[in-house]
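Visitor: Got a structure for you, questions after.
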Amino acid sequence: MAESLYFRSSTVRCIDPPYLSVLNKMRSLINGDRVAMLERDYSGFYIDGRWQEPDSRAYQDVISPHSEQVIGRVPSASEKDIDTAVSAARQAFYNTDWKTRPVAERAEMCERLASLIAERRPEFRDLIIDELGSTWFLADVYQSTAPTLHWNYHAAAGRRTRFAELRESDMTSLAGGAGGTIVRYATKSLVFKEPAGVVAVLCAYNFALPCVGQKACPALMAGCTIVLKVPEQNPLAIFALGDLISEAGFPPGVINIVAAGAESSQYLVEHPGVDMVSFTGSTAVGKRIGQSCAERIRPCVLELGGKSAAIILDDVDLDKIIPTLVGISVGTSSGQSCVCMSRLIVPRTCYEELAEKLASSFGALKVGDPHDPDTAIGPLISRQQRDHVIRLLDEGIAEGAVVRAGGKIPDHMKQGWYFEPTLLTDVTSDMSVSQEEFFGPVVVMIPYDDEEEAIRIANDSKYGLAGCVFTSDTSHGFEIAKRIRTGVFSVNTFAADFNSPFGGFKHSGIGREHGPYAIEEYLQYRTISIEPDEEMPAEVINGIEWQEPPF
């Protein structure tokens with residue numbers, strides 16, 4: 001597998017003197033108006049309940065997308081470091097009582113971690129602004145707040161999960177009244193839901209800290225143990241969880257945190273000690289992880305890319321929906337979101353009117369320093385990502401797309417990986433800008449003549465993650481929604497409902513996150529049967545619910 005396609009490589013250097021800790025302390029003194037800073041200079045990995053010196057002598061620089069300056073560093077794992085982390089996770093899963101502890105105990109630890117994250121929310125907010133380039137507003141209301149929600153939510157969902165049930169039935173009537181001796185049609189069984197084992201969790205950069213809560217907490221509530229590989233671009237917020245994990249009372253080895261480049265990340269995914277993989281990121285990488293898991297008969301959850309469409313019907317008030325359209329497109333993490341509504345499917349009758357209104361709204365958005373609470377569009381995560389946006393935009397222009405707003409690096413931002421919010425018109429569904437994911441602040445407008453064409457265009461994508469429709473008739477909006485092949489869809493808004501399953505069709509992934517369903521992804525079924533005329537021992541079935549037969 002080619003490294004450039006498997007995992008993104010970031011700056012990796014040999015370890016030199018810890019100058020960054022000194023610089024960060026100076027910055028904290030200079031920035032007296034900001035809250036205390038979380039650690040940004042790490043020399044070890046969080047493995048087996050403590051910070052351990054790595055085998056590797058290389059580290060990864062963390063570059064601010066706003067200033068282009070080094071703001072932190074973490075070690076870059078060798079294969080031996082990955083072995084150590086996996087071994088700790090396996091020891092905790094197979095040789096301790098973690099997986100058999102009462103679910104309430106696991107929930108209490110997750111809730112304590114949620115509280116600790118909440119206590120330091122302002123510090124996480126500022127760190128996320130610095131390493132991700134998230135706007136102050138988004139970092140405040142989502143990036144630093146959602147993690148607490150996810151850890152609390154999945155702890156509560158775990159408490160309500162049934163991990164065992166008694167199933168008893170006589171299915172003779174379904175066999176036409178015939179009986180059997182070898183294959184019994186009367187049955188009595190206990191069905192247990194058991195944890196998958198050691199899970200390699202790989203989070204995306206655009207919502208790294210919330211992603212941990214979405215993935216790790218359901219796995220832990222299921223009874224799994226975790227090796228958490230941080231995103232290379234912005235690892236610091238997740239590394240900052242290490243001490244909080246210990247303070248929350250998690251046993252050694254249950255949660256392990258490493259950073260790794262392409263080769264060691266691949267080594268983790270393919271490690272014989274890993275029982276399952278949960279990944280959020282690009283479809284290109286997800287395909288390779290899926291192939292690796294298939295070769296090893298290993299379950300995986302893959303939350304991948306999207307090219308989501310917002311369908312605007314001809315009965316809506318355009319002025320009312322403009323703010324929402326802006327917010328769910330370029331306003332969503334500067335377009336760095338798998339659920340960004342990057343395709344607007346618009347009636348030809350109001351196409352020009354909406355183009356003018358959106359172009360004006362895009363032009364009014366403040367692009368600049370993400371620390372400024374008034375900033376709406378912050379930088380992209382890296383120069384590499386901005387170059388990708390520019391290349392794809394150039395392809396679209398060559399194919400005939402017209403730039404109606406933005407389309408360039410802002411004149412006033414001389415440093416940082418910024419790009420103007422961009423609106424493309426005169427676009428058809430077969431153009432590269434309609435089919436490929438920008439993962440940046442670029443939106444295309446595609447015209448249609450009737451609803452059947454709008455539905456066809458919305459479904460004309462290899463992706464199937466999200467979408468929405470805007471109409472004055474909500475009931476009709478649901479009719480449209482049922483015909484779009486996406487995992488999540490909204491009417492007159494867009495919401496990735498944390499209380500309901502989230503995931504995609506087609507190339508947008510496998511499996512679901514969010515809601516109580518997320519825990520199910522990390523569970524496997526075990527059936528233990530006895531003769532149907534025997535009684536289950538009372539000590540075995542104590543507290544286990546009886547399941548009504550389905551007939």
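If you're wondering about the labels, chains in the structure tokens are A, B, ... by order shown, residues count from 1 in each chain, ligands from 1 in order shown.
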Name the residues of range 119-343 of chain A that come out as helix (DSSP H, G or I) in a backbone DSSP run; write them as an NGL selection string.

Guide: :A and (119 or 121-132 or 136-143 or 146-160 or 172-175 or 205-222 or 236-239 or 241-247 or 262-269 or 283-295 or 318-327 or 333-335)

Visitor: Excluding range 484-495 of chain A and its own-chain neighbours fewer than 5 positions away, which residues fall within 8 Å of it when counting only C-alpha atoms? Please give them as a ChimeraX atom specification.

Guide: /A:324,328,455,458-459,463-471,474,477-478,502-505

Visitor: Which residue, A:Glu356, A:Asp319, A:Asp369, A:Glu451, has the smallest gap to Leu423 in chain A when you use only C-alpha atoms?

Guide: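 Using only C-alpha atoms, the shortest distance to Leu423 in chain A belongs to A:Glu356.
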
Visitor: For range 114-135 of chain A versus range 382-386 of chain A, which residues have an atom no more than 12 Å away, and what is each residue's nearest atom pair and distance in Å rounded to one decimal, using only C-alpha atoms, chain-then-number order, as CSV?

Guide:
residue,atom,partner,partner_atom,distance
A:Glu131,CA,A:Ser382,CA,10.5
A:Leu132,CA,A:Ser382,CA,9.2
A:Gly133,CA,A:Ser382,CA,9.6

Visitor: List every residue of range 184-423 of chain A that DSSP, applied to the backbone of this structure, places in strand (DSSP E or B), and write the result as a ChimeraX atom specification.

Guide: /A:186-195,198-202,225-229,255-258,276-280,300-303,308-312,341-347,367,377,402-405,422-423

Visitor: Using only C-alpha atoms, can you tell me which of A:Ile457, A:Ile397, A:Ile528, A:Ala309 comes closest to Ser432 in chain A?

Guide: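 With only C-alpha atoms as the atom set, the closest residue is A:Ile397.
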
Visitor: Which neighbours of range 524-527 of chain A fall inside 8 Å, counting only C-alpha atoms, when residues of the same chain fewer than 6 positions from it are skipped, and could you give them as a PyMOL selection string?

Guide: chain A and resi 189-196

Visitor: From the set A:Pro373, A:Leu149, A:Glu270, A:Ala398, which residue has the shortest atom-to-atom contact distance to Gly290 in chain A, counting only C-alpha atoms?

Guide: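 Distance minimum relative to Gly290 in chain A lands on A:Glu270.
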
Visitor: With distances taken over only C-alpha atoms, which of A:Ser308, A:Cys224, A:Trp51, A:Pro516 is nearest to Arg159 in chain A?

Guide: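 Counting only C-alpha atoms, the residue closest to Arg159 in chain A is A:Pro516.
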
Visitor: Which residues are close to Gly158 in chain A, i.e. within 8 Å by only C-alpha atoms, leaving aside same-chain residues fewer than 2 positions away? Reply as a list in words.

Guide: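 Here the qualifying residues turn out to be Val103, Ala107, His154, Ala155, Ala156, Arg160, Thr161, Pro218, Met221, Ala222, Pro516 and Ile519 of chain A.
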
Visitor: Quick one: pull the distance between CA of Leu302 in chain A and CA of Ser500 in chain A, Å, one decimal.

Guide: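 Computing it gives 17.0 Å between the two atoms.
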
Visitor: Do you know which residues are at most 8 Å from Ile226 in chain A counting only C-alpha atoms, after dropping those on the same chain fewer than 3 positions away, and could you put them as number ranges by chain?

Guide: A: 89, 198-201, 216, 219-220, 253-256

Visitor: Can you measure CA of His150 in chain A to CA of Leu113 in chain A for me? One decimal in Å is fine.

Guide: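 These atoms are spaced 10.7 Å apart.
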
Visitor: Considering only C-alpha atoms, can you say which of A:Ile117, A:Ile82, A:Ile446, A:Cys203 comes closest to Ser342 in chain A?

Guide: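 When distances to Ser342 in chain A are compared using only C-alpha atoms, the smallest one comes from A:Ile446.
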
Visitor: Given only C-alpha atoms as the basis, pick out the residue of A:His514, A:Phe439, A:Lys357, A:Val367 nearest to Ile409 in chain A.

Guide: A:Val367

Visitor: CA of Leu318 in chain A and CA of Ser334 in chain A are how many Å apart?

Guide: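 We find that CA of Leu318 in chain A and CA of Ser334 in chain A lie 22.4 Å from each other.
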